[in-house]
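Structure file entry03.cif; described as mmCIF, N, CA and C atoms.
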```cif
data_query
#
loop_
_atom_site.label_atom_id
_atom_site.label_comp_id
_atom_site.auth_asym_id
_atom_site.auth_seq_id
_atom_site.Cartn_x
_atom_site.Cartn_y
_atom_site.Cartn_z
N MET A 86 -100.55 -2.43 67.62
CA MET A 86 -99.20 -2.53 67.12
C MET A 86 -98.22 -2.16 68.21
N VAL A 87 -97.12 -2.86 68.31
CA VAL A 87 -96.10 -2.58 69.31
C VAL A 87 -94.89 -2.02 68.60
N TYR A 88 -94.31 -0.99 69.18
CA TYR A 88 -93.18 -0.32 68.57
C TYR A 88 -91.96 -0.41 69.46
N LEU A 89 -90.81 -0.34 68.85
CA LEU A 89 -89.55 -0.29 69.58
C LEU A 89 -89.13 1.16 69.69
N VAL A 90 -88.73 1.58 70.86
CA VAL A 90 -88.17 2.91 71.05
C VAL A 90 -86.70 2.69 71.37
N THR A 91 -85.83 3.10 70.47
CA THR A 91 -84.41 2.89 70.68
C THR A 91 -83.88 3.87 71.71
N MET A 92 -82.63 3.64 72.16
CA MET A 92 -82.03 4.48 73.18
C MET A 92 -81.93 5.94 72.73
N ASN A 93 -81.80 6.18 71.44
CA ASN A 93 -81.62 7.54 70.93
C ASN A 93 -82.91 8.09 70.34
N GLN A 94 -84.03 7.53 70.69
CA GLN A 94 -85.29 7.89 70.08
C GLN A 94 -86.32 8.15 71.17
N SER A 95 -87.10 9.18 71.03
CA SER A 95 -88.14 9.44 72.01
C SER A 95 -89.36 8.58 71.69
N TYR A 96 -90.23 8.44 72.65
CA TYR A 96 -91.42 7.61 72.46
C TYR A 96 -92.28 8.13 71.32
N SER A 97 -92.29 9.44 71.14
CA SER A 97 -93.12 10.03 70.08
C SER A 97 -92.56 9.76 68.69
N GLU A 98 -91.30 9.32 68.59
CA GLU A 98 -90.68 9.04 67.30
C GLU A 98 -90.80 7.57 66.91
N LYS A 99 -91.66 6.82 67.58
CA LYS A 99 -91.79 5.39 67.31
C LYS A 99 -92.23 5.17 65.87
N THR A 100 -91.54 4.28 65.19
CA THR A 100 -91.87 4.09 63.79
C THR A 100 -91.81 2.65 63.32
N THR A 101 -91.13 1.77 64.01
CA THR A 101 -90.93 0.44 63.48
C THR A 101 -91.35 -0.64 64.47
N LEU A 102 -91.79 -1.76 63.92
CA LEU A 102 -92.06 -2.92 64.75
C LEU A 102 -90.73 -3.49 65.25
N ILE A 103 -90.77 -4.14 66.36
CA ILE A 103 -89.58 -4.76 66.91
C ILE A 103 -89.20 -5.95 66.03
N ASP A 104 -87.94 -6.00 65.62
CA ASP A 104 -87.47 -7.15 64.84
C ASP A 104 -86.21 -7.72 65.49
N ALA A 105 -85.69 -8.77 64.90
CA ALA A 105 -84.53 -9.47 65.48
C ALA A 105 -83.31 -8.56 65.55
N ARG A 106 -83.12 -7.70 64.56
CA ARG A 106 -81.97 -6.78 64.56
C ARG A 106 -82.04 -5.86 65.78
N GLU A 107 -83.22 -5.36 66.04
CA GLU A 107 -83.39 -4.45 67.17
C GLU A 107 -83.27 -5.19 68.51
N MET A 108 -83.62 -6.47 68.51
CA MET A 108 -83.39 -7.26 69.71
C MET A 108 -81.90 -7.39 69.96
N GLY A 109 -81.14 -7.56 68.89
CA GLY A 109 -79.69 -7.61 69.01
C GLY A 109 -79.15 -6.30 69.58
N GLU A 110 -79.73 -5.18 69.13
CA GLU A 110 -79.32 -3.88 69.65
C GLU A 110 -79.65 -3.75 71.14
N ALA A 111 -80.81 -4.25 71.53
CA ALA A 111 -81.19 -4.19 72.94
C ALA A 111 -80.23 -5.03 73.78
N LEU A 112 -79.88 -6.22 73.28
CA LEU A 112 -78.92 -7.06 73.99
C LEU A 112 -77.54 -6.40 74.04
N ASP A 113 -77.15 -5.76 72.94
CA ASP A 113 -75.87 -5.03 72.91
C ASP A 113 -75.88 -3.90 73.94
N ASN A 114 -77.00 -3.20 74.04
CA ASN A 114 -77.11 -2.12 75.02
C ASN A 114 -76.95 -2.64 76.44
N ILE A 115 -77.53 -3.80 76.71
CA ILE A 115 -77.36 -4.40 78.03
C ILE A 115 -75.90 -4.75 78.26
N GLU A 116 -75.28 -5.34 77.25
CA GLU A 116 -73.87 -5.72 77.38
C GLU A 116 -72.97 -4.51 77.60
N ILE A 117 -73.29 -3.41 76.96
CA ILE A 117 -72.49 -2.19 77.08
C ILE A 117 -72.74 -1.51 78.43
N HIS A 118 -74.01 -1.38 78.80
CA HIS A 118 -74.35 -0.56 79.97
C HIS A 118 -74.29 -1.31 81.29
N ALA A 119 -74.35 -2.63 81.29
CA ALA A 119 -74.31 -3.38 82.56
C ALA A 119 -73.01 -3.13 83.34
N PRO A 120 -71.84 -3.22 82.68
CA PRO A 120 -70.62 -2.93 83.45
C PRO A 120 -70.55 -1.47 83.90
N GLU A 121 -71.03 -0.56 83.07
CA GLU A 121 -71.05 0.85 83.46
C GLU A 121 -71.96 1.06 84.67
N TYR A 122 -73.11 0.38 84.65
CA TYR A 122 -74.04 0.48 85.77
C TYR A 122 -73.42 -0.08 87.04
N ALA A 123 -72.75 -1.21 86.93
CA ALA A 123 -72.11 -1.82 88.10
C ALA A 123 -71.06 -0.86 88.69
N LYS A 124 -70.30 -0.25 87.82
CA LYS A 124 -69.27 0.70 88.27
C LYS A 124 -69.91 1.93 88.92
N ALA A 125 -70.98 2.43 88.31
CA ALA A 125 -71.67 3.60 88.86
C ALA A 125 -72.28 3.28 90.22
N LYS A 126 -72.84 2.07 90.34
CA LYS A 126 -73.44 1.67 91.62
C LYS A 126 -72.37 1.53 92.70
N ALA A 127 -71.24 0.95 92.32
CA ALA A 127 -70.13 0.80 93.28
C ALA A 127 -69.63 2.18 93.73
N GLU A 128 -69.53 3.10 92.79
CA GLU A 128 -69.09 4.46 93.11
C GLU A 128 -70.08 5.14 94.06
N ARG A 129 -71.37 4.97 93.79
CA ARG A 129 -72.39 5.57 94.65
C ARG A 129 -72.33 4.99 96.06
N ILE A 130 -72.17 3.68 96.16
CA ILE A 130 -72.09 3.04 97.48
C ILE A 130 -70.83 3.50 98.21
N HIS A 131 -69.72 3.59 97.49
CA HIS A 131 -68.48 4.08 98.09
C HIS A 131 -68.67 5.50 98.62
N LEU A 132 -69.33 6.35 97.85
CA LEU A 132 -69.54 7.73 98.28
C LEU A 132 -70.53 7.82 99.45
N ASP A 133 -71.47 6.87 99.53
CA ASP A 133 -72.35 6.81 100.70
C ASP A 133 -71.50 6.67 101.97
N ASP A 134 -70.55 5.74 101.92
CA ASP A 134 -69.69 5.50 103.07
C ASP A 134 -68.69 6.63 103.28
N TYR A 135 -68.12 7.11 102.17
CA TYR A 135 -67.11 8.17 102.27
C TYR A 135 -67.70 9.45 102.85
N ARG A 136 -68.95 9.71 102.55
CA ARG A 136 -69.63 10.89 103.11
C ARG A 136 -69.63 10.83 104.63
N LYS A 137 -69.87 9.66 105.18
CA LYS A 137 -69.87 9.48 106.64
C LYS A 137 -68.46 9.63 107.20
N VAL A 138 -67.48 9.09 106.48
CA VAL A 138 -66.09 9.20 106.92
C VAL A 138 -65.66 10.66 106.92
N GLN A 139 -65.99 11.38 105.85
CA GLN A 139 -65.63 12.80 105.75
C GLN A 139 -66.27 13.60 106.88
N LEU A 140 -67.50 13.29 107.20
CA LEU A 140 -68.18 13.98 108.29
C LEU A 140 -67.46 13.72 109.61
N ALA A 141 -67.04 12.49 109.84
CA ALA A 141 -66.33 12.14 111.07
C ALA A 141 -64.97 12.84 111.14
N LEU A 142 -64.26 12.89 110.00
CA LEU A 142 -62.96 13.58 109.98
C LEU A 142 -63.11 15.07 110.27
N LEU A 143 -64.11 15.66 109.69
CA LEU A 143 -64.36 17.08 109.93
C LEU A 143 -64.81 17.33 111.37
N TYR A 144 -65.54 16.39 111.92
CA TYR A 144 -66.04 16.54 113.28
C TYR A 144 -64.88 16.68 114.28
N GLU A 145 -63.77 16.01 114.01
CA GLU A 145 -62.60 16.10 114.88
C GLU A 145 -62.07 17.53 114.97
N HIS A 146 -62.24 18.30 113.91
CA HIS A 146 -61.71 19.66 113.85
C HIS A 146 -62.81 20.71 113.97
N ALA A 147 -64.00 20.27 114.27
CA ALA A 147 -65.16 21.18 114.28
C ALA A 147 -65.07 22.20 115.40
N GLU A 148 -65.57 23.37 115.09
CA GLU A 148 -65.67 24.43 116.08
C GLU A 148 -67.07 24.40 116.66
N GLY A 149 -67.14 24.66 117.95
CA GLY A 149 -68.44 24.67 118.61
C GLY A 149 -68.37 23.87 119.89
N ARG A 150 -69.32 24.15 120.78
CA ARG A 150 -69.33 23.48 122.08
C ARG A 150 -70.26 22.27 122.08
N THR A 151 -71.38 22.41 121.41
CA THR A 151 -72.37 21.33 121.46
C THR A 151 -72.24 20.45 120.21
N VAL A 152 -72.86 19.29 120.30
CA VAL A 152 -72.87 18.36 119.17
C VAL A 152 -73.56 19.01 117.96
N VAL A 153 -74.65 19.70 118.19
CA VAL A 153 -75.40 20.35 117.11
C VAL A 153 -74.53 21.40 116.43
N GLU A 154 -73.82 22.19 117.20
CA GLU A 154 -72.94 23.22 116.63
C GLU A 154 -71.83 22.58 115.79
N LYS A 155 -71.25 21.51 116.31
CA LYS A 155 -70.18 20.83 115.58
C LYS A 155 -70.70 20.20 114.28
N GLU A 156 -71.87 19.57 114.36
CA GLU A 156 -72.45 18.97 113.15
C GLU A 156 -72.79 20.04 112.12
N SER A 157 -73.30 21.14 112.56
CA SER A 157 -73.62 22.24 111.65
C SER A 157 -72.35 22.75 110.97
N TRP A 158 -71.28 22.89 111.74
CA TRP A 158 -70.01 23.34 111.18
C TRP A 158 -69.51 22.36 110.13
N CYS A 159 -69.59 21.07 110.45
CA CYS A 159 -69.13 20.02 109.52
C CYS A 159 -69.94 20.03 108.22
N LYS A 160 -71.24 20.11 108.36
CA LYS A 160 -72.10 20.05 107.18
C LYS A 160 -72.03 21.31 106.33
N ALA A 161 -71.57 22.38 106.90
CA ALA A 161 -71.39 23.62 106.13
C ALA A 161 -70.00 23.70 105.51
N HIS A 162 -69.12 22.80 105.87
CA HIS A 162 -67.74 22.83 105.38
C HIS A 162 -67.68 22.51 103.88
N ALA A 163 -66.77 23.17 103.18
CA ALA A 163 -66.64 23.01 101.73
C ALA A 163 -66.31 21.57 101.33
N GLN A 164 -65.48 20.90 102.12
CA GLN A 164 -65.11 19.51 101.79
C GLN A 164 -66.33 18.60 101.85
N TYR A 165 -67.17 18.80 102.83
CA TYR A 165 -68.37 17.98 102.96
C TYR A 165 -69.34 18.27 101.82
N ARG A 166 -69.51 19.53 101.48
CA ARG A 166 -70.39 19.90 100.37
C ARG A 166 -69.88 19.31 99.06
N GLU A 167 -68.57 19.24 98.90
CA GLU A 167 -67.98 18.64 97.69
C GLU A 167 -68.32 17.15 97.61
N VAL A 168 -68.23 16.46 98.74
CA VAL A 168 -68.58 15.04 98.78
C VAL A 168 -70.07 14.86 98.46
N LEU A 169 -70.91 15.74 98.96
CA LEU A 169 -72.34 15.66 98.66
C LEU A 169 -72.61 15.86 97.17
N THR A 170 -71.88 16.78 96.55
CA THR A 170 -72.05 17.01 95.10
C THR A 170 -71.60 15.78 94.32
N GLU A 171 -70.47 15.20 94.69
CA GLU A 171 -70.01 13.97 94.03
C GLU A 171 -71.01 12.85 94.21
N HIS A 172 -71.58 12.75 95.40
CA HIS A 172 -72.58 11.71 95.68
C HIS A 172 -73.81 11.91 94.81
N ALA A 173 -74.26 13.15 94.69
CA ALA A 173 -75.44 13.43 93.86
C ALA A 173 -75.16 13.07 92.40
N ASN A 174 -73.97 13.38 91.91
CA ASN A 174 -73.60 13.03 90.54
C ASN A 174 -73.57 11.52 90.35
N ALA A 175 -73.07 10.81 91.36
CA ALA A 175 -73.01 9.35 91.28
C ALA A 175 -74.41 8.75 91.26
N VAL A 176 -75.30 9.28 92.07
CA VAL A 176 -76.69 8.80 92.08
C VAL A 176 -77.34 9.05 90.73
N GLU A 177 -77.11 10.22 90.16
CA GLU A 177 -77.68 10.56 88.86
C GLU A 177 -77.19 9.60 87.78
N ARG A 178 -75.88 9.34 87.77
CA ARG A 178 -75.32 8.43 86.76
C ARG A 178 -75.86 7.02 86.94
N GLU A 179 -75.90 6.54 88.18
CA GLU A 179 -76.42 5.20 88.44
C GLU A 179 -77.87 5.08 87.99
N THR A 180 -78.67 6.06 88.28
CA THR A 180 -80.08 6.03 87.93
C THR A 180 -80.28 6.06 86.41
N ALA A 181 -79.51 6.89 85.73
CA ALA A 181 -79.61 6.97 84.27
C ALA A 181 -79.26 5.62 83.63
N LEU A 182 -78.20 5.00 84.11
CA LEU A 182 -77.80 3.70 83.56
C LEU A 182 -78.81 2.61 83.91
N TYR A 183 -79.37 2.67 85.11
CA TYR A 183 -80.39 1.70 85.50
C TYR A 183 -81.56 1.75 84.52
N TRP A 184 -82.02 2.95 84.18
CA TRP A 184 -83.17 3.07 83.31
C TRP A 184 -82.84 2.70 81.87
N LYS A 185 -81.61 2.89 81.45
CA LYS A 185 -81.21 2.42 80.12
C LYS A 185 -81.29 0.89 80.07
N LEU A 186 -80.81 0.25 81.13
CA LEU A 186 -80.89 -1.21 81.19
C LEU A 186 -82.35 -1.68 81.27
N LYS A 187 -83.13 -0.99 82.06
CA LYS A 187 -84.54 -1.37 82.20
C LYS A 187 -85.28 -1.23 80.88
N LEU A 188 -84.97 -0.18 80.10
CA LEU A 188 -85.58 0.01 78.79
C LEU A 188 -85.23 -1.16 77.86
N ALA A 189 -83.96 -1.53 77.84
CA ALA A 189 -83.55 -2.64 76.98
C ALA A 189 -84.23 -3.94 77.40
N GLU A 190 -84.31 -4.19 78.70
CA GLU A 190 -84.99 -5.39 79.20
C GLU A 190 -86.47 -5.38 78.81
N THR A 191 -87.11 -4.24 78.91
CA THR A 191 -88.52 -4.12 78.56
C THR A 191 -88.73 -4.36 77.07
N GLN A 192 -87.82 -3.85 76.25
CA GLN A 192 -87.92 -4.08 74.81
C GLN A 192 -87.83 -5.56 74.50
N ILE A 193 -86.97 -6.26 75.20
CA ILE A 193 -86.83 -7.70 74.99
C ILE A 193 -88.11 -8.42 75.42
N GLU A 194 -88.68 -8.02 76.54
CA GLU A 194 -89.92 -8.63 77.01
C GLU A 194 -91.07 -8.39 76.02
N VAL A 195 -91.13 -7.19 75.46
CA VAL A 195 -92.16 -6.90 74.46
C VAL A 195 -91.94 -7.80 73.25
N TRP A 196 -90.71 -7.94 72.80
CA TRP A 196 -90.39 -8.79 71.66
C TRP A 196 -90.82 -10.24 71.95
N ARG A 197 -90.51 -10.71 73.14
CA ARG A 197 -90.88 -12.08 73.50
C ARG A 197 -92.40 -12.26 73.48
N THR A 198 -93.12 -11.27 73.96
CA THR A 198 -94.58 -11.33 73.97
C THR A 198 -95.12 -11.38 72.54
N ILE A 199 -94.55 -10.55 71.68
CA ILE A 199 -94.97 -10.54 70.27
C ILE A 199 -94.70 -11.89 69.63
N GLN A 200 -93.54 -12.46 69.91
CA GLN A 200 -93.19 -13.77 69.34
C GLN A 200 -94.16 -14.84 69.83
N ALA A 201 -94.49 -14.81 71.10
CA ALA A 201 -95.44 -15.79 71.65
C ALA A 201 -96.81 -15.62 71.00
N SER A 202 -97.22 -14.38 70.80
CA SER A 202 -98.52 -14.12 70.15
C SER A 202 -98.51 -14.63 68.72
N ARG A 203 -97.42 -14.42 68.02
CA ARG A 203 -97.30 -14.89 66.64
C ARG A 203 -97.36 -16.42 66.57
N ARG A 204 -96.69 -17.08 67.51
CA ARG A 204 -96.72 -18.54 67.54
C ARG A 204 -98.14 -19.03 67.79
N ARG A 205 -98.82 -18.39 68.71
CA ARG A 205 -100.20 -18.78 69.02
C ARG A 205 -101.11 -18.55 67.83
N GLU A 206 -100.94 -17.42 67.14
CA GLU A 206 -101.73 -17.15 65.93
C GLU A 206 -101.48 -18.21 64.87
N ALA A 207 -100.23 -18.61 64.73
CA ALA A 207 -99.88 -19.63 63.72
C ALA A 207 -100.53 -20.97 64.06
N GLN A 208 -100.63 -21.29 65.32
CA GLN A 208 -101.29 -22.53 65.74
C GLN A 208 -102.79 -22.49 65.42
N ILE A 209 -103.38 -21.34 65.62
CA ILE A 209 -104.81 -21.20 65.37
C ILE A 209 -105.14 -21.29 63.89
N LEU A 210 -104.29 -20.67 63.06
CA LEU A 210 -104.53 -20.68 61.62
C LEU A 210 -104.12 -22.02 61.09
#
```

Kindly return the structure encoded in the file as structure tokens.
Amino acid sequence: MVYLVTMNQSYSEKTTLIDAREMGEALDNIEIHAPEYAKAKAERIHLDDYRKVQLALLYEHAEGRTVVEKESWCKAHAQYREVLTEHANAVERETALYWKLKLAETQIEVWRTIQASRRREAQIL
């Protein structure tokens, strides 16, 4: 038996077979989360670049004689640590949304497999 695990349900709470209504919910979840995922991914990519820009800006004001000393000063600076925290949050959000989309896609694939199996069974009978 194949079960649907909804977005608000853990795998251990599986109780129902996948039906057309739940396929609609999976499609709705994709429609809702796809734009959010795109925005989260764009934010993460922007912060990837901004982190480098912030490091370069701090490097101009860095204290120290050697490159290593200046880089250490920059990476210990509060502004750089703030950018790193924002970047980590963006990665977390992007990843969470990615897996929500992947779950919905997987549910649809399971439904399609069940439908194909049912059609084949009907042909045999």

- So what does the PyMOL selection byres ((chain A and resi 186-202) around 7) actually pick up in this one, as a list in words? Leu89, Val90, Ile103, Met108, Ala111, Leu112, Asn114, Ile115, His118, Ala119, Ala181, Leu182, Tyr183, Trp184, Lys185, Arg203, Arg204, Arg205, Glu206 and Ala207 of chain A

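Straight-line separation from atom N of Ile130 of chain A to atom CA of Asp113 of chain A: 25.1 Å.
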
- For the structure provided, state which residues fall under the PyMOL selection byres (((chain A and resi 136 and name CA) around 10) and name CA), and present them as an MDAnalysis selection string. chainID A and resid 130:135 137:142 164:169 171:172

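Interatomic distance, atom N of Ala173 of chain A against atom CA of Arg150 of chain A: 29.7 Å.
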
- Contact residues around Thr180 of chain A with all atoms listed in the file at 8 Å, ignoring same-chain residues under 6 positions, as a list in words: Tyr122, Ala125, Lys126, Asn174 and Leu186 of chain A

- Task: Grab the atom C of Glu177 of chain A to atom C of Ile117 of chain A distance for me, in Å with one decimal place.
- Result: 15.2 Å
